[in-house]
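A.B. asks: Next comes the structure file start.pdb, holding PDB, C-alpha atoms and all ligand atoms.
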ATOM      1  CA  MET A1354     152.484 136.166 -54.973  1.00  0.00           C
ATOM      2  CA  ARG A1355     149.157 136.988 -56.594  1.00  0.00           C
ATOM      3  CA  ARG A1356     149.496 138.284 -60.135  1.00  0.00           C
ATOM      4  CA  ASP A1357     146.704 139.598 -62.254  1.00  0.00           C
ATOM      5  CA  THR A1358     146.501 141.797 -65.302  1.00  0.00           C
ATOM      6  CA  GLN A1359     145.613 144.917 -63.374  1.00  0.00           C
ATOM      7  CA  HIS A1360     148.534 144.510 -60.985  1.00  0.00           C
ATOM      8  CA  ASP A1361     150.899 143.775 -63.844  1.00  0.00           C
ATOM      9  CA  GLY A1362     149.687 146.958 -65.528  1.00  0.00           C
ATOM     10  CA  GLN A1363     150.269 148.968 -62.361  1.00  0.00           C
ATOM     11  CA  ASP A1364     153.720 147.409 -61.899  1.00  0.00           C
ATOM     12  CA  ALA A1365     154.642 148.278 -65.467  1.00  0.00           C
ATOM     13  CA  ALA A1366     153.478 151.881 -64.995  1.00  0.00           C
ATOM     14  CA  ALA A1367     155.443 152.146 -61.736  1.00  0.00           C
ATOM     15  CA  ASP A1368     158.542 150.810 -63.508  1.00  0.00           C
ATOM     16  CA  LEU A1369     158.184 153.392 -66.247  1.00  0.00           C
ATOM     17  CA  THR A1370     157.831 156.204 -63.704  1.00  0.00           C
ATOM     18  CA  ARG A1371     160.915 155.005 -61.822  1.00  0.00           C
ATOM     19  CA  ILE A1372     162.947 154.755 -65.024  1.00  0.00           C
ATOM     20  CA  SER A1373     161.681 158.140 -66.204  1.00  0.00           C
ATOM     21  CA  ARG A1374     162.976 159.744 -62.991  1.00  0.00           C
ATOM     22  CA  PHE A1375     166.312 158.023 -63.567  1.00  0.00           C
ATOM     23  CA  ILE A1376     166.438 159.302 -67.171  1.00  0.00           C
ATOM     24  CA  SER A1377     165.749 162.800 -65.901  1.00  0.00           C
ATOM     25  CA  LEU A1378     168.690 162.520 -63.489  1.00  0.00           C
ATOM     26  CA  ILE A1379     170.965 161.222 -66.258  1.00  0.00           C
ATOM     27  CA  LEU A1380     169.993 163.742 -68.933  1.00  0.00           C
ATOM     28  CA  ARG A1381     169.865 166.815 -66.681  1.00  0.00           C
ATOM     29  CA  HIS A1382     172.362 166.275 -63.923  1.00  0.00           C
ATOM     30  CA  LYS A1383     174.430 163.117 -63.857  1.00  0.00           C
ATOM     31  CA  PRO A1384     175.153 161.228 -67.106  1.00  0.00           C
ATOM     32  CA  GLU A1385     178.168 159.672 -65.379  1.00  0.00           C
ATOM     33  CA  ALA A1386     175.714 157.640 -63.249  1.00  0.00           C
ATOM     34  CA  ILE A1387     175.578 155.218 -66.185  1.00  0.00           C
ATOM     35  CA  GLY A1388     178.979 156.073 -67.677  1.00  0.00           C
ATOM     36  CA  ILE A1389     177.741 158.193 -70.593  1.00  0.00           C
ATOM     37  CA  THR A1390     178.380 161.777 -71.637  1.00  0.00           C
ATOM     38  CA  LEU A1391     176.227 164.537 -73.119  1.00  0.00           C
ATOM     39  CA  ASP A1392     177.465 166.693 -75.967  1.00  0.00           C
ATOM     40  CA  ARG A1393     177.462 170.473 -75.599  1.00  0.00           C
ATOM     41  CA  HIS A1394     173.850 170.636 -76.776  1.00  0.00           C
ATOM     42  CA  GLY A1395     172.737 168.128 -74.176  1.00  0.00           C
ATOM     43  CA  TRP A1396     172.347 165.149 -76.503  1.00  0.00           C
ATOM     44  CA  ALA A1397     173.017 161.596 -75.339  1.00  0.00           C
ATOM     45  CA  ASP A1398     173.408 158.621 -77.647  1.00  0.00           C
ATOM     46  CA  VAL A1399     170.183 156.589 -77.465  1.00  0.00           C
ATOM     47  CA  ASP A1400     171.873 153.160 -77.708  1.00  0.00           C
ATOM     48  CA  ALA A1401     174.338 154.108 -74.961  1.00  0.00           C
ATOM     49  CA  LEU A1402     171.472 155.346 -72.757  1.00  0.00           C
ATOM     50  CA  ILE A1403     169.489 152.140 -73.266  1.00  0.00           C
ATOM     51  CA  ALA A1404     172.548 149.967 -72.592  1.00  0.00           C
ATOM     52  CA  GLY A1405     173.441 151.998 -69.480  1.00  0.00           C
ATOM     53  CA  ILE A1406     169.945 151.879 -68.005  1.00  0.00           C
ATOM     54  CA  GLY A1407     169.664 148.222 -69.015  1.00  0.00           C
ATOM     55  CA  ARG A1408     172.421 147.346 -66.551  1.00  0.00           C
ATOM     56  CA  GLU A1409     170.083 148.325 -63.688  1.00  0.00           C
ATOM     57  CA  HIS A1410     166.753 147.579 -65.401  1.00  0.00           C
ATOM     58  CA  PRO A1411     167.303 144.550 -67.667  1.00  0.00           C
ATOM     59  CA  GLU A1412     163.798 144.785 -69.125  1.00  0.00           C
ATOM     60  CA  PHE A1413     164.452 148.299 -70.480  1.00  0.00           C
ATOM     61  CA  ASP A1414     164.437 148.648 -74.258  1.00  0.00           C
ATOM     62  CA  ARG A1415     163.843 151.168 -77.040  1.00  0.00           C
ATOM     63  CA  ALA A1416     160.062 150.619 -77.014  1.00  0.00           C
ATOM     64  CA  MET A1417     159.918 151.520 -73.302  1.00  0.00           C
ATOM     65  CA  LEU A1418     162.066 154.603 -73.902  1.00  0.00           C
ATOM     66  CA  GLU A1419     159.785 155.727 -76.728  1.00  0.00           C
ATOM     67  CA  GLU A1420     156.743 155.226 -74.517  1.00  0.00           C
ATOM     68  CA  ILE A1421     158.304 157.289 -71.727  1.00  0.00           C
ATOM     69  CA  VAL A1422     159.118 160.141 -74.130  1.00  0.00           C
ATOM     70  CA  ARG A1423     155.680 160.028 -75.769  1.00  0.00           C
ATOM     71  CA  THR A1424     153.608 159.847 -72.574  1.00  0.00           C
ATOM     72  CA  ASP A1425     155.677 162.120 -70.315  1.00  0.00           C
ATOM     73  CA  ASP A1426     153.254 164.520 -68.592  1.00  0.00           C
ATOM     74  CA  LYS A1427     155.585 167.502 -69.006  1.00  0.00           C
ATOM     75  CA  GLN A1428     157.164 166.447 -72.313  1.00  0.00           C
ATOM     76  CA  ARG A1429     160.556 166.450 -70.624  1.00  0.00           C
ATOM     77  CA  TYR A1430     162.548 164.740 -73.405  1.00  0.00           C
ATOM     78  CA  SER A1431     163.113 165.024 -77.166  1.00  0.00           C
ATOM     79  CA  PHE A1432     164.676 162.732 -79.747  1.00  0.00           C
ATOM     80  CA  ASN A1433     166.713 164.224 -82.561  1.00  0.00           C
ATOM     81  CA  GLU A1434     165.384 163.893 -86.100  1.00  0.00           C
ATOM     82  CA  ASP A1435     166.699 160.425 -86.842  1.00  0.00           C
ATOM     83  CA  GLY A1436     166.036 159.115 -83.340  1.00  0.00           C
ATOM     84  CA  THR A1437     169.685 158.313 -82.573  1.00  0.00           C
ATOM     85  CA  LYS A1438     170.004 160.949 -79.840  1.00  0.00           C
ATOM     86  CA  ILE A1439     167.891 162.124 -76.909  1.00  0.00           C
ATOM     87  CA  ARG A1440     168.030 165.103 -74.546  1.00  0.00           C
ATOM     88  CA  ALA A1441     166.089 166.745 -71.732  1.00  0.00           C
ATOM     89  CA  ASN A1442     164.210 169.829 -72.909  1.00  0.00           C
ATOM     90  CA  GLN A1443     165.027 171.853 -69.788  1.00  0.00           C
ATOM     91  CA  GLY A1444     165.948 171.575 -66.122  1.00  0.00           C
ATOM     92  CA  HIS A1445     169.684 170.947 -66.494  1.00  0.00           C
ATOM     93  CA  SER A1446     172.277 171.622 -63.845  1.00  0.00           C
ATOM     94  CA  ILE A1447     175.166 170.720 -66.152  1.00  0.00           C
ATOM     95  CA  PRO A1448     176.092 173.508 -68.560  1.00  0.00           C
ATOM     96  CA  VAL A1449     174.613 172.501 -71.902  1.00  0.00           C
ATOM     97  CA  ASP A1450     173.093 174.722 -74.573  1.00  0.00           C
ATOM     98  CA  VAL A1451     169.786 173.295 -75.795  1.00  0.00           C
ATOM     99  CA  GLU A1452     169.741 175.967 -78.512  1.00  0.00           C
ATOM    100  CA  LEU A1453     166.676 177.903 -77.425  1.00  0.00           C
ATOM    101  CA  PRO A1454     166.102 181.198 -79.215  1.00  0.00           C
ATOM    102  CA  GLU A1455     165.683 184.333 -77.144  1.00  0.00           C
ATOM    103  CA  THR A1456     161.909 184.820 -76.977  1.00  0.00           C
ATOM    104  CA  GLU A1457     159.637 187.705 -76.053  1.00  0.00           C
ATOM    105  CA  PRO A1458     157.823 186.695 -72.851  1.00  0.00           C
ATOM    106  CA  PRO A1459     154.176 187.405 -72.048  1.00  0.00           C
ATOM    107  CA  GLN A1460     153.494 190.431 -69.808  1.00  0.00           C
ATOM    108  CA  THR A1461     153.469 188.306 -66.699  1.00  0.00           C
ATOM    109  CA  LEU A1462     154.915 184.957 -65.737  1.00  0.00           C
ATOM    110  CA  TYR A1463     154.658 183.044 -62.463  1.00  0.00           C
ATOM    111  CA  HIS A1464     157.009 181.235 -60.139  1.00  0.00           C
ATOM    112  CA  GLY A1465     155.932 178.578 -57.687  1.00  0.00           C
ATOM    113  CA  THR A1466     158.025 177.925 -54.634  1.00  0.00           C
ATOM    114  CA  ALA A1467     157.686 176.863 -51.008  1.00  0.00           C
ATOM    115  CA  GLN A1468     156.597 179.321 -48.348  1.00  0.00           C
ATOM    116  CA  ARG A1469     159.748 178.646 -46.351  1.00  0.00           C
ATOM    117  CA  PHE A1470     161.861 180.136 -49.196  1.00  0.00           C
ATOM    118  CA  THR A1471     159.935 183.392 -49.457  1.00  0.00           C
ATOM    119  CA  ALA A1472     161.955 185.437 -46.924  1.00  0.00           C
ATOM    120  CA  SER A1473     165.134 184.666 -48.853  1.00  0.00           C
ATOM    121  CA  ILE A1474     163.447 185.265 -52.230  1.00  0.00           C
ATOM    122  CA  ASP A1475     161.996 188.602 -51.050  1.00  0.00           C
ATOM    123  CA  ALA A1476     165.522 189.638 -50.033  1.00  0.00           C
ATOM    124  CA  ASN A1477     167.595 188.178 -52.879  1.00  0.00           C
ATOM    125  CA  GLY A1478     165.200 187.644 -55.786  1.00  0.00           C
ATOM    126  CA  LEU A1479     164.925 184.328 -57.619  1.00  0.00           C
ATOM    127  CA  LEU A1480     168.215 182.544 -58.159  1.00  0.00           C
ATOM    128  CA  PRO A1481     168.714 179.434 -60.304  1.00  0.00           C
ATOM    129  CA  GLU A1482     170.130 177.486 -57.330  1.00  0.00           C
ATOM    130  CA  SER A1483     171.415 174.184 -58.711  1.00  0.00           C
ATOM    131  CA  ARG A1484     169.997 174.684 -62.219  1.00  0.00           C
ATOM    132  CA  LEU A1485     171.174 176.830 -65.138  1.00  0.00           C
ATOM    133  CA  TYR A1486     168.066 179.033 -65.093  1.00  0.00           C
ATOM    134  CA  VAL A1487     165.198 180.159 -62.930  1.00  0.00           C
ATOM    135  CA  HIS A1488     162.100 178.295 -64.140  1.00  0.00           C
ATOM    136  CA  LEU A1489     158.924 180.293 -64.668  1.00  0.00           C
ATOM    137  CA  SER A1490     155.418 179.074 -65.453  1.00  0.00           C
ATOM    138  CA  PRO A1491     152.954 180.598 -67.927  1.00  0.00           C
ATOM    139  CA  ASP A1492     150.079 180.538 -65.410  1.00  0.00           C
ATOM    140  CA  ALA A1493     149.531 180.661 -61.660  1.00  0.00           C
ATOM    141  CA  GLN A1494     147.995 177.197 -61.496  1.00  0.00           C
ATOM    142  CA  THR A1495     151.076 175.533 -62.988  1.00  0.00           C
ATOM    143  CA  ALA A1496     153.285 177.576 -60.662  1.00  0.00           C
ATOM    144  CA  GLN A1497     151.238 176.388 -57.706  1.00  0.00           C
ATOM    145  CA  LYS A1498     151.909 172.766 -58.711  1.00  0.00           C
ATOM    146  CA  VAL A1499     155.641 173.400 -59.123  1.00  0.00           C
ATOM    147  CA  GLY A1500     155.702 175.048 -55.683  1.00  0.00           C
ATOM    148  CA  SER A1501     153.921 172.106 -54.033  1.00  0.00           C
ATOM    149  CA  ARG A1502     156.899 169.893 -54.916  1.00  0.00           C
ATOM    150  CA  HIS A1503     158.879 171.748 -52.274  1.00  0.00           C
ATOM    151  CA  GLY A1504     156.294 172.073 -49.473  1.00  0.00           C
ATOM    152  CA  LYS A1505     153.479 174.491 -48.677  1.00  0.00           C
ATOM    153  CA  PRO A1506     153.319 176.470 -51.926  1.00  0.00           C
ATOM    154  CA  ALA A1507     153.749 180.189 -52.523  1.00  0.00           C
ATOM    155  CA  VAL A1508     153.288 181.846 -55.906  1.00  0.00           C
ATOM    156  CA  TYR A1509     154.992 184.962 -57.250  1.00  0.00           C
ATOM    157  CA  LEU A1510     153.929 187.036 -60.199  1.00  0.00           C
ATOM    158  CA  VAL A1511     156.907 188.097 -62.323  1.00  0.00           C
ATOM    159  CA  ASP A1512     156.803 191.375 -64.254  1.00  0.00           C
ATOM    160  CA  ALA A1513     158.308 189.802 -67.373  1.00  0.00           C
ATOM    161  CA  ALA A1514     157.487 192.720 -69.675  1.00  0.00           C
ATOM    162  CA  ARG A1515     159.402 195.160 -67.485  1.00  0.00           C
ATOM    163  CA  MET A1516     162.310 192.733 -67.109  1.00  0.00           C
ATOM    164  CA  ARG A1517     162.480 192.419 -70.866  1.00  0.00           C
ATOM    165  CA  ARG A1518     162.424 196.206 -71.298  1.00  0.00           C
ATOM    166  CA  ASP A1519     165.276 196.395 -68.803  1.00  0.00           C
ATOM    167  CA  GLY A1520     167.368 193.978 -70.873  1.00  0.00           C
ATOM    168  CA  HIS A1521     166.717 190.606 -69.236  1.00  0.00           C
ATOM    169  CA  VAL A1522     166.740 187.682 -71.663  1.00  0.00           C
ATOM    170  CA  PHE A1523     164.028 184.986 -71.749  1.00  0.00           C
ATOM    171  CA  TYR A1524     163.845 181.585 -73.384  1.00  0.00           C
ATOM    172  CA  ARG A1525     160.878 179.264 -73.783  1.00  0.00           C
ATOM    173  CA  SER A1526     161.757 175.583 -73.587  1.00  0.00           C
ATOM    174  CA  VAL A1527     160.093 173.287 -76.102  1.00  0.00           C
ATOM    175  CA  ASN A1528     157.805 172.040 -73.333  1.00  0.00           C
ATOM    176  CA  GLY A1529     156.570 175.515 -72.422  1.00  0.00           C
ATOM    177  CA  VAL A1530     158.683 176.342 -69.364  1.00  0.00           C
ATOM    178  CA  TRP A1531     160.062 179.900 -69.370  1.00  0.00           C
ATOM    179  CA  LEU A1532     163.702 180.325 -68.441  1.00  0.00           C
ATOM    180  CA  THR A1533     165.734 183.348 -67.374  1.00  0.00           C
ATOM    181  CA  LYS A1534     168.991 183.727 -65.473  1.00  0.00           C
ATOM    182  CA  THR A1535     167.693 185.487 -62.355  1.00  0.00           C
ATOM    183  CA  VAL A1536     164.689 187.544 -61.291  1.00  0.00           C
ATOM    184  CA  PRO A1537     165.725 190.478 -59.071  1.00  0.00           C
ATOM    185  CA  ALA A1538     163.312 191.162 -56.206  1.00  0.00           C
ATOM    186  CA  PRO A1539     161.809 194.404 -57.623  1.00  0.00           C
ATOM    187  CA  TYR A1540     160.174 192.393 -60.439  1.00  0.00           C
ATOM    188  CA  LEU A1541     158.433 190.024 -58.020  1.00  0.00           C
ATOM    189  CA  HIS A1542     154.992 190.345 -56.484  1.00  0.00           C
ATOM    190  CA  ARG A1543     153.862 187.700 -54.015  1.00  0.00           C
ATOM    191  CA  LEU A1544     150.369 186.399 -54.786  1.00  0.00           C
ATOM    192  CA  GLU A1545     149.730 183.913 -51.996  1.00  0.00           C
TER     193      GLU A1545
HETATM  194  C1  LIG B   1     163.989 178.349 -54.847  1.00  0.00           C
HETATM  195  C2  LIG B   1     160.233 170.872 -62.352  1.00  0.00           C
HETATM  196  C3  LIG B   1     165.724 180.642 -51.572  1.00  0.00           C
HETATM  197  C4  LIG B   1     163.018 178.222 -55.981  1.00  0.00           C
HETATM  198  C5  LIG B   1     159.322 172.075 -62.406  1.00  0.00           C
HETATM  199  C6  LIG B   1     162.768 176.727 -55.973  1.00  0.00           C
HETATM  200  C7  LIG B   1     160.165 173.155 -62.996  1.00  0.00           C
HETATM  201  C8  LIG B   1     165.180 180.219 -53.748  1.00  0.00           C
HETATM  202  C9  LIG B   1     164.103 176.151 -55.515  1.00  0.00           C
HETATM  203  C10 LIG B   1     161.567 172.689 -62.798  1.00  0.00           C
HETATM  204  C11 LIG B   1     165.744 181.430 -54.154  1.00  0.00           C
HETATM  205  C12 LIG B   1     164.877 175.482 -56.629  1.00  0.00           C
HETATM  206  C13 LIG B   1     162.297 173.596 -61.869  1.00  0.00           C
HETATM  207  C14 LIG B   1     166.318 182.273 -53.162  1.00  0.00           C
HETATM  208  C15 LIG B   1     164.969 180.456 -55.903  1.00  0.00           C
HETATM  209  N1  LIG B   1     166.284 181.830 -51.881  1.00  0.00           N
HETATM  210  N2  LIG B   1     165.167 179.816 -52.461  1.00  0.00           N
HETATM  211  N3  LIG B   1     166.875 183.451 -53.440  1.00  0.00           N
HETATM  212  N4  LIG B   1     165.609 181.557 -55.486  1.00  0.00           N
HETATM  213  N5  LIG B   1     164.709 179.638 -54.845  1.00  0.00           N
HETATM  214  O1  LIG B   1     163.642 172.286 -58.306  1.00  0.00           O
HETATM  215  O2  LIG B   1     161.696 176.078 -60.186  1.00  0.00           O
HETATM  216  O3  LIG B   1     159.195 167.935 -62.787  1.00  0.00           O
HETATM  217  O4  LIG B   1     165.698 173.675 -58.869  1.00  0.00           O
HETATM  218  O5  LIG B   1     161.843 178.961 -55.725  1.00  0.00           O
HETATM  219  O6  LIG B   1     158.163 171.831 -63.137  1.00  0.00           O
HETATM  220  O7  LIG B   1     161.122 174.383 -58.366  1.00  0.00           O
HETATM  221  O8  LIG B   1     161.650 168.305 -62.621  1.00  0.00           O
HETATM  222  O9  LIG B   1     163.477 174.631 -59.322  1.00  0.00           O
HETATM  223  O10 LIG B   1     161.777 176.389 -55.056  1.00  0.00           O
HETATM  224  O11 LIG B   1     159.950 173.392 -64.353  1.00  0.00           O
HETATM  225  O12 LIG B   1     160.548 168.236 -64.844  1.00  0.00           O
HETATM  226  O13 LIG B   1     164.866 177.263 -55.044  1.00  0.00           O
HETATM  227  O14 LIG B   1     161.503 171.391 -62.241  1.00  0.00           O
HETATM  228  O15 LIG B   1     160.135 170.111 -63.476  1.00  0.00           O
HETATM  229  O16 LIG B   1     164.211 174.273 -56.943  1.00  0.00           O
HETATM  230  O17 LIG B   1     161.629 173.619 -60.624  1.00  0.00           O
HETATM  231  P1  LIG B   1     164.299 173.625 -58.366  1.00  0.00           P
HETATM  232  P2  LIG B   1     161.898 174.738 -59.569  1.00  0.00           P
HETATM  233  P3  LIG B   1     160.395 168.556 -63.421  1.00  0.00           P
END
Show me this structure written as structure tokens.

C.D. replies:
Amino acid sequence: MRRDTQHDGQDAAADLTRISRFISLILRHKPEAIGITLDRHGWADVDALIAGIGREHPEFDRAMLEEIVRTDDKQRYSFNEDGTKIRANQGHSIPVDVELPETEPPQTLYHGTAQRFTASIDANGLLPESRLYVHLSPDAQTAQKVGSRHGKPAVYLVDAARMRRDGHVFYRSVNGVWLTKTVPAPYLHRLE
């Protein structure tokens, strides 16, 4: 097989992306996939994570983990202060409390979804589905990208100010995603 520096670089990047997806699965949904547990604040032990992933990816080490955390395009993960623990910043399906303070949202937030979900959303509002919270974006462009993950995108504007006045609680994850339990249909306005 032909090897050159460029291909090695691409292979290494592809490995990191694959492992990053796996870390996301472990830290948000399925720590048991590598036989580890999360504490109630979502923290995993870094050495246990590295050892667990190392069973499937023998080349994986602390330097690779640090690179994944540092370069992640959505800043999905955080280390604790002394670097012995790691957690996902948001996106969990398992019930952990990542200790986000209740935060006053901007007037409007956005939600990106797929067009095929809009009939159900128009009828039932936004539900968290498999996750703990509905995820909202600070701008329409980000929402559009989130929606494209599911198919032909549709974007809703969310009247966050009115929700807040009506007693709905909002959190902002450390990577800038807005979270709330549900968004009832009257607060939604379909943009496209
Ligand atoms: C839809 C990504 C039918 C909802 C993103 C969404 C985000 C309904 C899907 C984060 C519905 C759930 C989360 C209803 C909601 N009827 N469908 N009543 N209510 N839905 O992946 O928000 O790259 O769990 O519109 O950037 O797409 O993973 O949520 O389409 O921040 O880090 O049900 O995941 O980040 O899908 O994405 P998801 P999401 P990562």

A.B. asks: Which chains and residue numbers are within 6 Å of ligand LIG 1 (chain B), counting all atoms listed in the file, if I want them as a list in words?

C.D. replies: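 Checked against 6 Å with all atoms listed in the file; the hits are Gly1444, Thr1466, Ala1467, Phe1470, Ser1473, Ile1474, Asn1477, Gly1478, Leu1479, Leu1480, Pro1481, Glu1482, Ser1483, Arg1484, His1488, Val1499 and Val1530 of chain A.
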
A.B. asks: Kindly indicate which residue among A:Ala1441, A:Leu1544, A:Leu1391, A:Leu1402 lies nearest to Lys1427 of chain A, using all atoms listed in the file for the distances.

C.D. replies: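 For Lys1427 of chain A, the nearest of the given residues is A:Ala1441.
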
A.B. asks: Measuring atom to atom with only C-alpha atoms, identify which of A:His1464, A:His1410, A:Arg1502, A:Arg1429 is nearest to Asn1528 of chain A.

C.D. replies: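 Among A:His1464, A:His1410, A:Arg1502, A:Arg1429, it is A:Arg1429 that comes nearest to Asn1528 of chain A.
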
A.B. asks: Determine the residue membership of the PyMOL selection byres (((chain A and resi 1453) around 10) and not hetatm) for the file above and supply it as an NGL selection string.

C.D. replies: :A and (1442-1443 or 1450-1452 or 1454-1456 or 1523-1527 or 1532)

A.B. asks: I'd like the contact shell of Thr1461 of chain A - 7 Å cut-off, only C-alpha atoms, skipping same-chain residues fewer than 6 positions apart - returned as a compact mmCIF listing (two decimals) with C-alpha atoms, keeping the file's coordinate frame.

C.D. replies:
# COMPACT_ATOMS: atom_id res chain seq x y z
CA LEU A 1510 153.93 187.04 -60.20
CA VAL A 1511 156.91 188.10 -62.32
CA ASP A 1512 156.80 191.38 -64.25
CA ALA A 1513 158.31 189.80 -67.37
CA ALA A 1514 157.49 192.72 -69.68

A.B. asks: In terms of the shortest atom-to-atom distance over only C-alpha atoms, which of A:Tyr1463, A:Ile1387, A:Ser1446, A:Ala1493 is closest to Gly1407 of chain A?

C.D. replies: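 Closest candidate: A:Ile1387.
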
A.B. asks: What's the separation between atom CA of Ala1496 of chain A and atom CA of Pro1458 of chain A, in Å to one decimal place?

C.D. replies: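 Here the two named atoms are 15.9 Å from each other.
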
A.B. asks: Give me, please, the distance in Å between atom CA of Gly1520 of chain A and atom CA of His1394 of chain A, quoted to one decimal.

C.D. replies: 24.9 Å

A.B. asks: Taking all atoms listed in the file into account, name the residue in A:Arg1515, A:His1445, A:Arg1423, A:His1521 that is nearest to Ser1377 of chain A.

C.D. replies: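 Closest residue, counting all atoms listed in the file: A:His1445.
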